[in-house]
file run-v6.cif (mmCIF, N, CA and C atoms)
data_upload
#
loop_
_atom_site.label_atom_id
_atom_site.label_comp_id
_atom_site.auth_asym_id
_atom_site.auth_seq_id
_atom_site.Cartn_x
_atom_site.Cartn_y
_atom_site.Cartn_z
N GLN R 1 -6.55 -21.53 -7.29
CA GLN R 1 -6.70 -20.14 -6.86
C GLN R 1 -5.43 -19.70 -6.15
N VAL R 2 -4.94 -18.53 -6.52
CA VAL R 2 -3.70 -18.02 -5.94
C VAL R 2 -3.99 -17.28 -4.64
N GLN R 3 -3.17 -17.51 -3.66
CA GLN R 3 -3.31 -16.82 -2.38
C GLN R 3 -1.93 -16.36 -1.92
N LEU R 4 -1.86 -15.13 -1.44
CA LEU R 4 -0.63 -14.60 -0.87
C LEU R 4 -0.79 -14.47 0.63
N VAL R 5 0.15 -15.02 1.37
CA VAL R 5 0.08 -14.99 2.83
C VAL R 5 1.28 -14.22 3.35
N GLU R 6 1.00 -13.12 4.05
CA GLU R 6 2.05 -12.28 4.60
C GLU R 6 2.25 -12.57 6.08
N SER R 7 3.46 -12.34 6.53
CA SER R 7 3.76 -12.50 7.96
C SER R 7 4.93 -11.61 8.32
N GLY R 8 5.10 -11.41 9.63
CA GLY R 8 6.28 -10.70 10.12
C GLY R 8 6.04 -9.29 10.62
N GLY R 9 4.83 -8.78 10.49
CA GLY R 9 4.58 -7.44 11.00
C GLY R 9 4.49 -7.43 12.51
N GLY R 10 4.38 -6.22 13.06
CA GLY R 10 4.26 -6.11 14.50
C GLY R 10 4.64 -4.74 14.99
N LEU R 11 4.84 -4.66 16.31
CA LEU R 11 5.23 -3.42 16.97
C LEU R 11 6.73 -3.45 17.26
N VAL R 12 7.42 -2.40 16.92
CA VAL R 12 8.86 -2.33 17.14
C VAL R 12 9.23 -0.91 17.53
N GLN R 13 10.27 -0.77 18.32
CA GLN R 13 10.75 0.55 18.73
C GLN R 13 11.55 1.21 17.61
N PRO R 14 11.61 2.51 17.61
CA PRO R 14 12.45 3.20 16.61
C PRO R 14 13.88 2.68 16.66
N GLY R 15 14.44 2.47 15.47
CA GLY R 15 15.77 1.91 15.37
C GLY R 15 15.80 0.40 15.29
N GLY R 16 14.67 -0.23 15.50
CA GLY R 16 14.58 -1.68 15.47
C GLY R 16 14.44 -2.24 14.07
N SER R 17 14.28 -3.57 14.01
CA SER R 17 14.20 -4.27 12.73
C SER R 17 13.01 -5.23 12.71
N LEU R 18 12.51 -5.45 11.51
CA LEU R 18 11.50 -6.46 11.25
C LEU R 18 11.77 -7.08 9.89
N ARG R 19 11.32 -8.32 9.72
CA ARG R 19 11.43 -8.99 8.43
C ARG R 19 10.05 -9.47 8.02
N LEU R 20 9.58 -8.97 6.90
CA LEU R 20 8.29 -9.39 6.36
C LEU R 20 8.50 -10.49 5.33
N SER R 21 7.53 -11.41 5.29
CA SER R 21 7.54 -12.48 4.30
C SER R 21 6.19 -12.53 3.59
N CYS R 22 6.22 -12.94 2.34
CA CYS R 22 4.99 -13.09 1.57
C CYS R 22 5.15 -14.32 0.69
N ALA R 23 4.35 -15.33 0.97
CA ALA R 23 4.43 -16.59 0.23
C ALA R 23 3.19 -16.77 -0.63
N ALA R 24 3.42 -17.11 -1.89
CA ALA R 24 2.32 -17.35 -2.80
C ALA R 24 2.04 -18.84 -2.91
N SER R 25 0.77 -19.19 -2.84
CA SER R 25 0.38 -20.59 -3.00
C SER R 25 -0.66 -20.69 -4.11
N GLY R 26 -0.83 -21.91 -4.62
CA GLY R 26 -1.76 -22.10 -5.72
C GLY R 26 -1.03 -22.14 -7.04
N SER R 27 -1.82 -22.12 -8.10
CA SER R 27 -1.25 -22.21 -9.45
C SER R 27 -0.81 -20.82 -9.92
N ILE R 28 0.44 -20.53 -9.68
CA ILE R 28 0.97 -19.23 -10.08
C ILE R 28 2.21 -19.46 -10.94
N PHE R 29 2.21 -18.82 -12.11
CA PHE R 29 3.29 -19.04 -13.07
C PHE R 29 3.75 -17.71 -13.65
N ASN R 30 4.91 -17.73 -14.24
CA ASN R 30 5.45 -16.57 -14.96
C ASN R 30 5.49 -15.32 -14.11
N ILE R 31 6.01 -15.46 -12.88
CA ILE R 31 6.19 -14.29 -12.03
C ILE R 31 7.35 -13.48 -12.57
N TYR R 32 7.11 -12.20 -12.87
CA TYR R 32 8.20 -11.38 -13.37
C TYR R 32 8.55 -10.25 -12.42
N LEU R 33 7.67 -9.97 -11.46
CA LEU R 33 7.95 -8.88 -10.52
C LEU R 33 7.29 -9.19 -9.19
N MET R 34 8.02 -8.91 -8.11
CA MET R 34 7.48 -9.05 -6.76
C MET R 34 7.80 -7.76 -6.03
N GLY R 35 6.89 -7.34 -5.16
CA GLY R 35 7.13 -6.07 -4.51
C GLY R 35 6.37 -5.88 -3.22
N TRP R 36 6.74 -4.81 -2.53
CA TRP R 36 6.09 -4.41 -1.29
C TRP R 36 5.60 -2.98 -1.43
N TYR R 37 4.41 -2.73 -0.91
CA TYR R 37 3.80 -1.41 -0.88
C TYR R 37 3.34 -1.16 0.55
N ARG R 38 3.09 0.11 0.87
CA ARG R 38 2.57 0.41 2.20
C ARG R 38 1.56 1.54 2.13
N GLN R 39 0.67 1.51 3.11
CA GLN R 39 -0.38 2.52 3.18
C GLN R 39 -0.57 2.95 4.62
N ALA R 40 -0.27 4.21 4.88
CA ALA R 40 -0.50 4.78 6.19
C ALA R 40 -1.92 5.32 6.26
N PRO R 41 -2.48 5.49 7.47
CA PRO R 41 -3.85 5.98 7.61
C PRO R 41 -4.05 7.32 6.90
N GLY R 42 -5.09 7.40 6.07
CA GLY R 42 -5.41 8.63 5.38
C GLY R 42 -4.54 8.95 4.19
N LYS R 43 -3.65 8.01 3.83
CA LYS R 43 -2.74 8.25 2.71
C LYS R 43 -2.92 7.20 1.63
N GLN R 44 -2.36 7.46 0.46
CA GLN R 44 -2.44 6.50 -0.62
C GLN R 44 -1.42 5.38 -0.41
N ARG R 45 -1.64 4.30 -1.14
CA ARG R 45 -0.70 3.18 -1.09
C ARG R 45 0.51 3.51 -1.97
N ASP R 46 1.68 3.40 -1.38
CA ASP R 46 2.91 3.77 -2.06
C ASP R 46 3.84 2.58 -2.22
N LEU R 47 4.63 2.63 -3.27
CA LEU R 47 5.63 1.60 -3.49
C LEU R 47 6.74 1.72 -2.46
N VAL R 48 7.18 0.57 -1.95
CA VAL R 48 8.33 0.53 -1.04
C VAL R 48 9.54 -0.03 -1.78
N ALA R 49 9.36 -1.21 -2.39
CA ALA R 49 10.48 -1.86 -3.08
C ALA R 49 9.95 -2.92 -4.02
N THR R 50 10.69 -3.14 -5.12
CA THR R 50 10.35 -4.21 -6.04
C THR R 50 11.61 -4.98 -6.42
N ILE R 51 11.39 -6.22 -6.89
CA ILE R 51 12.50 -7.05 -7.36
C ILE R 51 12.02 -7.84 -8.56
N THR R 52 12.81 -7.83 -9.63
CA THR R 52 12.43 -8.54 -10.84
C THR R 52 12.84 -10.01 -10.75
N ASP R 53 12.40 -10.78 -11.75
CA ASP R 53 12.78 -12.19 -11.77
C ASP R 53 14.28 -12.35 -11.97
N GLY R 54 14.92 -11.32 -12.51
CA GLY R 54 16.37 -11.37 -12.67
C GLY R 54 17.13 -10.86 -11.47
N GLY R 55 16.43 -10.37 -10.47
CA GLY R 55 17.08 -9.92 -9.25
C GLY R 55 17.34 -8.42 -9.17
N SER R 56 16.91 -7.67 -10.17
CA SER R 56 17.08 -6.21 -10.11
C SER R 56 16.11 -5.62 -9.11
N THR R 57 16.60 -4.67 -8.32
CA THR R 57 15.77 -4.09 -7.26
C THR R 57 15.56 -2.61 -7.47
N ASN R 58 14.48 -2.12 -6.86
CA ASN R 58 14.13 -0.71 -6.90
C ASN R 58 13.54 -0.34 -5.55
N TYR R 59 13.94 0.82 -5.02
CA TYR R 59 13.49 1.23 -3.70
C TYR R 59 12.95 2.66 -3.71
N ALA R 60 11.98 2.90 -2.86
CA ALA R 60 11.57 4.27 -2.61
C ALA R 60 12.72 5.00 -1.93
N ASP R 61 12.87 6.28 -2.23
CA ASP R 61 13.98 7.04 -1.65
C ASP R 61 13.96 7.00 -0.12
N SER R 62 12.78 6.97 0.45
CA SER R 62 12.64 7.04 1.91
C SER R 62 13.16 5.80 2.62
N VAL R 63 13.35 4.70 1.89
CA VAL R 63 13.79 3.46 2.54
C VAL R 63 15.16 2.99 2.05
N LYS R 64 15.73 3.68 1.09
CA LYS R 64 17.04 3.27 0.57
C LYS R 64 18.08 3.24 1.67
N GLY R 65 18.85 2.17 1.69
CA GLY R 65 19.89 2.02 2.71
C GLY R 65 19.40 1.41 4.00
N ARG R 66 18.08 1.31 4.17
CA ARG R 66 17.53 0.73 5.40
C ARG R 66 16.77 -0.57 5.14
N PHE R 67 16.10 -0.65 4.01
CA PHE R 67 15.29 -1.83 3.67
C PHE R 67 15.99 -2.63 2.57
N THR R 68 15.79 -3.95 2.61
CA THR R 68 16.32 -4.82 1.57
C THR R 68 15.25 -5.81 1.14
N ILE R 69 14.97 -5.86 -0.15
CA ILE R 69 14.02 -6.81 -0.69
C ILE R 69 14.78 -7.99 -1.29
N SER R 70 14.22 -9.18 -1.11
CA SER R 70 14.83 -10.38 -1.69
C SER R 70 13.71 -11.37 -2.03
N ARG R 71 14.06 -12.39 -2.79
CA ARG R 71 13.05 -13.36 -3.19
C ARG R 71 13.65 -14.75 -3.27
N ASP R 72 12.79 -15.74 -3.07
CA ASP R 72 13.15 -17.14 -3.23
C ASP R 72 12.22 -17.68 -4.31
N ASN R 73 12.75 -17.81 -5.51
CA ASN R 73 11.91 -18.21 -6.64
C ASN R 73 11.36 -19.62 -6.47
N ALA R 74 12.13 -20.49 -5.87
CA ALA R 74 11.67 -21.87 -5.68
C ALA R 74 10.47 -21.95 -4.76
N LYS R 75 10.38 -20.99 -3.84
CA LYS R 75 9.28 -20.98 -2.87
C LYS R 75 8.21 -19.94 -3.20
N ASN R 76 8.39 -19.22 -4.31
CA ASN R 76 7.46 -18.14 -4.67
C ASN R 76 7.24 -17.21 -3.48
N THR R 77 8.34 -16.81 -2.86
CA THR R 77 8.27 -16.00 -1.65
C THR R 77 9.14 -14.76 -1.82
N VAL R 78 8.62 -13.65 -1.31
CA VAL R 78 9.37 -12.40 -1.32
C VAL R 78 9.50 -11.91 0.12
N TYR R 79 10.64 -11.32 0.42
CA TYR R 79 10.95 -10.85 1.77
C TYR R 79 11.25 -9.36 1.76
N LEU R 80 11.05 -8.74 2.91
CA LEU R 80 11.46 -7.35 3.09
C LEU R 80 12.12 -7.23 4.46
N GLN R 81 13.43 -7.06 4.45
CA GLN R 81 14.18 -6.82 5.68
C GLN R 81 14.18 -5.33 5.95
N MET R 82 13.66 -4.94 7.10
CA MET R 82 13.55 -3.52 7.43
C MET R 82 14.40 -3.24 8.66
N ASN R 83 15.40 -2.40 8.49
CA ASN R 83 16.29 -2.01 9.58
C ASN R 83 16.17 -0.52 9.86
N SER R 84 16.66 -0.11 11.01
CA SER R 84 16.64 1.31 11.38
C SER R 84 15.25 1.91 11.19
N LEU R 85 14.27 1.23 11.68
CA LEU R 85 12.88 1.66 11.47
C LEU R 85 12.60 2.98 12.17
N LYS R 86 11.75 3.77 11.52
CA LYS R 86 11.36 5.09 12.01
C LYS R 86 9.85 5.13 12.22
N PRO R 87 9.37 6.02 13.05
CA PRO R 87 7.91 6.13 13.25
C PRO R 87 7.17 6.36 11.93
N GLU R 88 7.78 7.06 11.00
CA GLU R 88 7.11 7.32 9.72
C GLU R 88 7.03 6.08 8.83
N ASP R 89 7.63 4.99 9.24
CA ASP R 89 7.48 3.73 8.51
C ASP R 89 6.20 3.00 8.92
N THR R 90 5.51 3.51 9.93
CA THR R 90 4.27 2.89 10.38
C THR R 90 3.23 2.89 9.27
N ALA R 91 2.70 1.70 8.97
CA ALA R 91 1.74 1.55 7.88
C ALA R 91 1.31 0.09 7.80
N VAL R 92 0.32 -0.16 6.97
CA VAL R 92 0.00 -1.53 6.58
C VAL R 92 0.82 -1.83 5.33
N TYR R 93 1.56 -2.93 5.38
CA TYR R 93 2.44 -3.32 4.28
C TYR R 93 1.77 -4.43 3.48
N TYR R 94 1.75 -4.26 2.16
CA TYR R 94 1.13 -5.22 1.25
C TYR R 94 2.18 -5.76 0.28
N CYS R 95 2.13 -7.05 0.04
CA CYS R 95 2.97 -7.58 -1.04
C CYS R 95 2.14 -7.68 -2.31
N LYS R 96 2.83 -7.63 -3.42
CA LYS R 96 2.21 -7.73 -4.73
C LYS R 96 3.09 -8.61 -5.61
N ILE R 97 2.45 -9.55 -6.28
CA ILE R 97 3.17 -10.42 -7.22
C ILE R 97 2.54 -10.24 -8.59
N SER R 98 3.38 -9.94 -9.54
CA SER R 98 2.92 -9.67 -10.90
C SER R 98 3.32 -10.81 -11.82
N THR R 99 2.31 -11.33 -12.52
CA THR R 99 2.55 -12.36 -13.52
C THR R 99 1.96 -11.88 -14.84
N ARG R 100 2.18 -12.65 -15.87
CA ARG R 100 1.51 -12.37 -17.13
C ARG R 100 0.39 -13.38 -17.28
N PRO R 101 -0.89 -13.01 -17.08
CA PRO R 101 -1.39 -11.63 -17.18
C PRO R 101 -1.94 -10.98 -15.91
N SER R 102 -1.73 -11.56 -14.74
CA SER R 102 -2.45 -11.08 -13.55
C SER R 102 -1.53 -10.54 -12.46
N ASP R 103 -2.10 -9.66 -11.65
CA ASP R 103 -1.45 -9.17 -10.42
C ASP R 103 -2.20 -9.73 -9.22
N TYR R 104 -1.45 -10.04 -8.16
CA TYR R 104 -2.03 -10.57 -6.94
C TYR R 104 -1.52 -9.76 -5.75
N TRP R 105 -2.43 -9.52 -4.80
CA TRP R 105 -2.08 -8.75 -3.62
C TRP R 105 -2.27 -9.59 -2.36
N GLY R 106 -1.40 -9.34 -1.38
CA GLY R 106 -1.59 -9.94 -0.06
C GLY R 106 -2.64 -9.16 0.73
N GLN R 107 -2.96 -9.69 1.91
CA GLN R 107 -4.02 -9.11 2.74
C GLN R 107 -3.51 -7.92 3.56
N GLY R 108 -2.21 -7.77 3.64
CA GLY R 108 -1.64 -6.67 4.40
C GLY R 108 -1.22 -7.10 5.80
N THR R 109 -0.13 -6.52 6.27
CA THR R 109 0.34 -6.78 7.63
C THR R 109 0.74 -5.44 8.26
N GLN R 110 0.32 -5.23 9.50
CA GLN R 110 0.54 -3.95 10.16
C GLN R 110 1.96 -3.88 10.71
N VAL R 111 2.62 -2.78 10.44
CA VAL R 111 3.91 -2.47 11.03
C VAL R 111 3.76 -1.16 11.79
N THR R 112 4.06 -1.20 13.08
CA THR R 112 3.96 -0.02 13.93
C THR R 112 5.31 0.24 14.58
N VAL R 113 5.82 1.44 14.37
CA VAL R 113 7.11 1.82 14.95
C VAL R 113 6.84 2.90 15.99
N SER R 114 7.02 2.54 17.24
CA SER R 114 6.68 3.46 18.31
C SER R 114 7.44 3.08 19.57
N SER R 115 7.77 4.09 20.36
CA SER R 115 8.40 3.84 21.65
C SER R 115 7.35 3.76 22.75
#
call {"tool": "encode", "arguments": {"input": "run-v6.cif", "output": "structure tokens"}}
result
Amino acid sequence: QVQLVESGGGLVQPGGSLRLSCAASGSIFNIYLMGWYRQAPGKQRDLVATITDGGSTNYADSVKGRFTISRDNAKNTVYLQMNSLKPEDTAVYYCKISTRPSDYWGQGTQVTVSS
């Protein structure tokens, strides 16, 4: 059974940084895409960033230049480095790992940006 475990969320002041991690355990094969999504209260879940197995990245316009997604294929782990955080980045962040044929989601980690 595949399980995704997220870590690294928390409370940070505006302008601060956090690094999220998401590690997949269990029998998981043929990962072709890893990504981060976020959901603020009362809003839909939106894409933040994705990274392919070849290392190509994609970012939401709102986080370009501030967030960096990376992955460690040997550890089946994806990271999200978040810098220059803003109050509007406050949300529950979810990782997603896509394989052929299944998608897996993490449980979510809260990120709160507030002074």
call {"tool": "closest_residue", "arguments": {"input": "run-v6.cif", "among": "R:Lys96, R:Val12, R:Thr109, R:Asp61", "to": "R:Asn83", "atoms": "only C-alpha atoms"}}
result
R:Val12
call {"tool": "resolve_selection", "arguments": {"input": "run-v6.cif", "expression": "the PyMOL selection byres ((chain R and resi 107) around 6.5)", "output": "compact mmCIF listing (two decimals) with N, CA and C atoms, in the coordinates of the input"}}
result
# COMPACT_ATOMS: atom_id res chain seq x y z
N LEU R 4 -1.86 -15.13 -1.44
CA LEU R 4 -0.63 -14.60 -0.87
C LEU R 4 -0.79 -14.47 0.63
N VAL R 5 0.15 -15.02 1.37
CA VAL R 5 0.08 -14.99 2.83
C VAL R 5 1.28 -14.22 3.35
N GLU R 6 1.00 -13.12 4.05
CA GLU R 6 2.05 -12.28 4.60
C GLU R 6 2.25 -12.57 6.08
N TYR R 93 1.56 -2.93 5.38
CA TYR R 93 2.44 -3.32 4.28
C TYR R 93 1.77 -4.43 3.48
N TYR R 94 1.75 -4.26 2.16
CA TYR R 94 1.13 -5.22 1.25
C TYR R 94 2.18 -5.76 0.28
N CYS R 95 2.13 -7.05 0.04
CA CYS R 95 2.97 -7.58 -1.04
C CYS R 95 2.14 -7.68 -2.31
N TRP R 105 -2.43 -9.52 -4.80
CA TRP R 105 -2.08 -8.75 -3.62
C TRP R 105 -2.27 -9.59 -2.36
N GLY R 106 -1.40 -9.34 -1.38
CA GLY R 106 -1.59 -9.94 -0.06
C GLY R 106 -2.64 -9.16 0.73
N GLY R 108 -2.21 -7.77 3.64
CA GLY R 108 -1.64 -6.67 4.40
C GLY R 108 -1.22 -7.10 5.80
N THR R 109 -0.13 -6.52 6.27
CA THR R 109 0.34 -6.78 7.63
C THR R 109 0.74 -5.44 8.26
call {"tool": "residues_around", "arguments": {"input": "run-v6.cif", "residues": "R:Gln13", "least_positions_apart": "2", "cutoff": "6 Å", "atoms": "all atoms listed in the file", "output": "PDB file with N, CA and C atoms, in the frame of the given file"}}
result
ATOM      1  N   LEU R  11       4.840  -4.660  16.310  1.00  0.00           N
ATOM      2  CA  LEU R  11       5.230  -3.420  16.970  1.00  0.00           C
ATOM      3  C   LEU R  11       6.730  -3.450  17.260  1.00  0.00           C
ATOM      4  N   GLY R  15      14.440   2.470  15.470  1.00  0.00           N
ATOM      5  CA  GLY R  15      15.770   1.910  15.370  1.00  0.00           C
ATOM      6  C   GLY R  15      15.800   0.400  15.290  1.00  0.00           C
ATOM      7  N   GLY R  16      14.670  -0.230  15.500  1.00  0.00           N
ATOM      8  CA  GLY R  16      14.580  -1.680  15.470  1.00  0.00           C
ATOM      9  C   GLY R  16      14.440  -2.240  14.070  1.00  0.00           C
ATOM     10  N   LEU R  85      14.270   1.230  11.680  1.00  0.00           N
ATOM     11  CA  LEU R  85      12.880   1.660  11.470  1.00  0.00           C
ATOM     12  C   LEU R  85      12.600   2.980  12.170  1.00  0.00           C
ATOM     13  N   VAL R 113       5.820   1.440  14.370  1.00  0.00           N
ATOM     14  CA  VAL R 113       7.110   1.820  14.950  1.00  0.00           C
ATOM     15  C   VAL R 113       6.840   2.900  15.990  1.00  0.00           C
ATOM     16  N   SER R 114       7.020   2.540  17.240  1.00  0.00           N
ATOM     17  CA  SER R 114       6.680   3.460  18.310  1.00  0.00           C
ATOM     18  C   SER R 114       7.440   3.080  19.570  1.00  0.00           C
ATOM     19  N   SER R 115       7.770   4.090  20.360  1.00  0.00           N
ATOM     20  CA  SER R 115       8.400   3.840  21.650  1.00  0.00           C
ATOM     21  C   SER R 115       7.350   3.760  22.750  1.00  0.00           C
TER      22      SER R 115
END
call {"tool": "residues_around", "arguments": {"input": "run-v6.cif", "residues": "R:Gln110", "least_positions_apart": "6", "cutoff": "7 Å", "atoms": "only N, CA and C atoms", "output": "ChimeraX atom specification"}}
result
/R:8-11,91-93
call {"tool": "resolve_selection", "arguments": {"input": "run-v6.cif", "expression": "the PyMOL selection byres (((chain R and resi 38-51 and name CA) around 12) and name CA)", "output": "JSON, numbers by chain"}}
result
{"R": [9, 31, 32, 33, 34, 35, 36, 37, 52, 53, 54, 55, 56, 57, 58, 59, 60, 61, 62, 63, 64, 65, 66, 67, 68, 69, 70, 71, 72, 73, 77, 78, 79, 80, 81, 82, 87, 88, 89, 90, 91, 92, 93, 94, 95, 96, 97, 98, 105, 106, 107, 108, 109, 110, 111, 112, 113]}
call {"tool": "atom_distance", "arguments": {"input": "run-v6.cif", "atom1": "atom C of R:Leu20", "atom2": "atom CA of R:Arg100"}}
result
23.6 Å
call {"tool": "residues_near_point", "arguments": {"input": "run-v6.cif", "point": "(-0.6, -17.6, -5.0)", "cutoff": "7 Å", "atoms": "all atoms listed in the file", "output": "list in words"}}
result
Gln1, Val2, Gln3, Leu4, Val5, Ala23, Ala24, Ser25, Gly26, Ser27 and Ile28 of chain R
call {"tool": "write_last_selection", "arguments": {"input": "run-v6.cif", "atoms": "N, CA and C atoms", "output": "compact mmCIF listing (two decimals), in the coordinates of the input"}}
result
# COMPACT_ATOMS: atom_id res chain seq x y z
N GLN R 1 -6.55 -21.53 -7.29
CA GLN R 1 -6.70 -20.14 -6.86
C GLN R 1 -5.43 -19.70 -6.15
N VAL R 2 -4.94 -18.53 -6.52
CA VAL R 2 -3.70 -18.02 -5.94
C VAL R 2 -3.99 -17.28 -4.64
N GLN R 3 -3.17 -17.51 -3.66
CA GLN R 3 -3.31 -16.82 -2.38
C GLN R 3 -1.93 -16.36 -1.92
N LEU R 4 -1.86 -15.13 -1.44
CA LEU R 4 -0.63 -14.60 -0.87
C LEU R 4 -0.79 -14.47 0.63
N VAL R 5 0.15 -15.02 1.37
CA VAL R 5 0.08 -14.99 2.83
C VAL R 5 1.28 -14.22 3.35
N ALA R 23 4.35 -15.33 0.97
CA ALA R 23 4.43 -16.59 0.23
C ALA R 23 3.19 -16.77 -0.63
N ALA R 24 3.42 -17.11 -1.89
CA ALA R 24 2.32 -17.35 -2.80
C ALA R 24 2.04 -18.84 -2.91
N SER R 25 0.77 -19.19 -2.84
CA SER R 25 0.38 -20.59 -3.00
C SER R 25 -0.66 -20.69 -4.11
N GLY R 26 -0.83 -21.91 -4.62
CA GLY R 26 -1.76 -22.10 -5.72
C GLY R 26 -1.03 -22.14 -7.04
N SER R 27 -1.82 -22.12 -8.10
CA SER R 27 -1.25 -22.21 -9.45
C SER R 27 -0.81 -20.82 -9.92
N ILE R 28 0.44 -20.53 -9.68
CA ILE R 28 0.97 -19.23 -10.08
C ILE R 28 2.21 -19.46 -10.94
call {"tool": "select_by_dssp", "arguments": {"input": "run-v6.cif", "residues": "chain R", "states": "strand (DSSP E)", "output": "PyMOL selection string"}}
result
chain R and resi 3-7+10-12+18-25+31-39+46-52+57-59+67-72+77-82+91-99+103-105+109-113
call {"tool": "atom_distance", "arguments": {"input": "run-v6.cif", "atom1": "atom N of R:Arg19", "atom2": "atom N of R:Lys86"}}
result
12.2 Å
call {"tool": "axis_aligned_box", "arguments": {"input": "run-v6.cif", "around": "stretch 33-45 of chain R", "padding_each_side": "5 Å", "output": "lines of an AutoDock Vina configuration file"}}
result
center_x = 1.3
center_y = -0.5
center_z = -1.9
size_x = 23.4
size_y = 28.9
size_z = 29.1
call {"tool": "atom_distance", "arguments": {"input": "run-v6.cif", "atom1": "atom N of R:Asn76", "atom2": "atom CA of R:Tyr104"}}
result
13.8 Å
call {"tool": "build_atoms", "arguments": {"input": "run-v6.cif", "residues": "stretch 93-99 of chain R", "atoms": "all heavy atoms", "output": "PDB file, keeping the file's coordinate frame"}}
result
ATOM      1  N   TYR R  93       1.560  -2.930   5.380  1.00  0.00           N
ATOM      2  CA  TYR R  93       2.440  -3.320   4.280  1.00  0.00           C
ATOM      3  C   TYR R  93       1.770  -4.430   3.480  1.00  0.00           C
ATOM      4  O   TYR R  93       1.306  -5.434   4.045  1.00  0.00           O
ATOM      5  CB  TYR R  93       3.785  -3.781   4.814  1.00  0.00           C
ATOM      6  CG  TYR R  93       4.654  -2.627   5.256  1.00  0.00           C
ATOM      7  CD1 TYR R  93       4.331  -1.879   6.384  1.00  0.00           C
ATOM      8  CD2 TYR R  93       5.791  -2.268   4.526  1.00  0.00           C
ATOM      9  CE1 TYR R  93       5.131  -0.802   6.774  1.00  0.00           C
ATOM     10  CE2 TYR R  93       6.591  -1.203   4.910  1.00  0.00           C
ATOM     11  CZ  TYR R  93       6.249  -0.472   6.030  1.00  0.00           C
ATOM     12  OH  TYR R  93       7.026   0.595   6.417  1.00  0.00           O
ATOM     13  N   TYR R  94       1.750  -4.260   2.160  1.00  0.00           N
ATOM     14  CA  TYR R  94       1.130  -5.220   1.250  1.00  0.00           C
ATOM     15  C   TYR R  94       2.180  -5.760   0.280  1.00  0.00           C
ATOM     16  O   TYR R  94       2.979  -4.987  -0.261  1.00  0.00           O
ATOM     17  CB  TYR R  94       0.032  -4.557   0.430  1.00  0.00           C
ATOM     18  CG  TYR R  94      -1.118  -3.994   1.227  1.00  0.00           C
ATOM     19  CD1 TYR R  94      -1.094  -2.697   1.711  1.00  0.00           C
ATOM     20  CD2 TYR R  94      -2.246  -4.772   1.482  1.00  0.00           C
ATOM     21  CE1 TYR R  94      -2.152  -2.174   2.439  1.00  0.00           C
ATOM     22  CE2 TYR R  94      -3.311  -4.269   2.205  1.00  0.00           C
ATOM     23  CZ  TYR R  94      -3.260  -2.968   2.685  1.00  0.00           C
ATOM     24  OH  TYR R  94      -4.317  -2.470   3.401  1.00  0.00           O
ATOM     25  N   CYS R  95       2.130  -7.050   0.040  1.00  0.00           N
ATOM     26  CA  CYS R  95       2.970  -7.580  -1.040  1.00  0.00           C
ATOM     27  C   CYS R  95       2.140  -7.680  -2.310  1.00  0.00           C
ATOM     28  O   CYS R  95       0.918  -7.813  -2.272  1.00  0.00           O
ATOM     29  CB  CYS R  95       3.560  -8.937  -0.670  1.00  0.00           C
ATOM     30  SG  CYS R  95       2.375 -10.268  -0.480  1.00  0.00           S
ATOM     31  N   LYS R  96       2.830  -7.630  -3.420  1.00  0.00           N
ATOM     32  CA  LYS R  96       2.210  -7.730  -4.730  1.00  0.00           C
ATOM     33  C   LYS R  96       3.090  -8.610  -5.610  1.00  0.00           C
ATOM     34  O   LYS R  96       4.302  -8.443  -5.638  1.00  0.00           O
ATOM     35  CB  LYS R  96       2.066  -6.351  -5.375  1.00  0.00           C
ATOM     36  CG  LYS R  96       1.461  -6.367  -6.760  1.00  0.00           C
ATOM     37  CD  LYS R  96       1.431  -4.964  -7.345  1.00  0.00           C
ATOM     38  CE  LYS R  96       0.903  -4.937  -8.755  1.00  0.00           C
ATOM     39  NZ  LYS R  96       0.933  -3.569  -9.338  1.00  0.00           N
ATOM     40  N   ILE R  97       2.450  -9.550  -6.280  1.00  0.00           N
ATOM     41  CA  ILE R  97       3.170 -10.420  -7.220  1.00  0.00           C
ATOM     42  C   ILE R  97       2.540 -10.240  -8.590  1.00  0.00           C
ATOM     43  O   ILE R  97       1.316 -10.384  -8.737  1.00  0.00           O
ATOM     44  CB  ILE R  97       3.119 -11.883  -6.744  1.00  0.00           C
ATOM     45  CG1 ILE R  97       3.910 -12.030  -5.449  1.00  0.00           C
ATOM     46  CG2 ILE R  97       3.665 -12.805  -7.826  1.00  0.00           C
ATOM     47  CD1 ILE R  97       3.961 -13.426  -4.897  1.00  0.00           C
ATOM     48  N   SER R  98       3.380  -9.940  -9.540  1.00  0.00           N
ATOM     49  CA  SER R  98       2.920  -9.670 -10.900  1.00  0.00           C
ATOM     50  C   SER R  98       3.320 -10.810 -11.820  1.00  0.00           C
ATOM     51  O   SER R  98       4.484 -11.212 -11.858  1.00  0.00           O
ATOM     52  CB  SER R  98       3.518  -8.367 -11.412  1.00  0.00           C
ATOM     53  OG  SER R  98       3.106  -7.277 -10.631  1.00  0.00           O
ATOM     54  N   THR R  99       2.310 -11.330 -12.520  1.00  0.00           N
ATOM     55  CA  THR R  99       2.550 -12.360 -13.520  1.00  0.00           C
ATOM     56  C   THR R  99       1.960 -11.880 -14.840  1.00  0.00           C
ATOM     57  O   THR R  99       1.315 -10.832 -14.901  1.00  0.00           O
ATOM     58  CB  THR R  99       1.898 -13.687 -13.127  1.00  0.00           C
ATOM     59  OG1 THR R  99       0.457 -13.585 -13.278  1.00  0.00           O
ATOM     60  CG2 THR R  99       2.194 -14.056 -11.687  1.00  0.00           C
TER      61      THR R  99
END
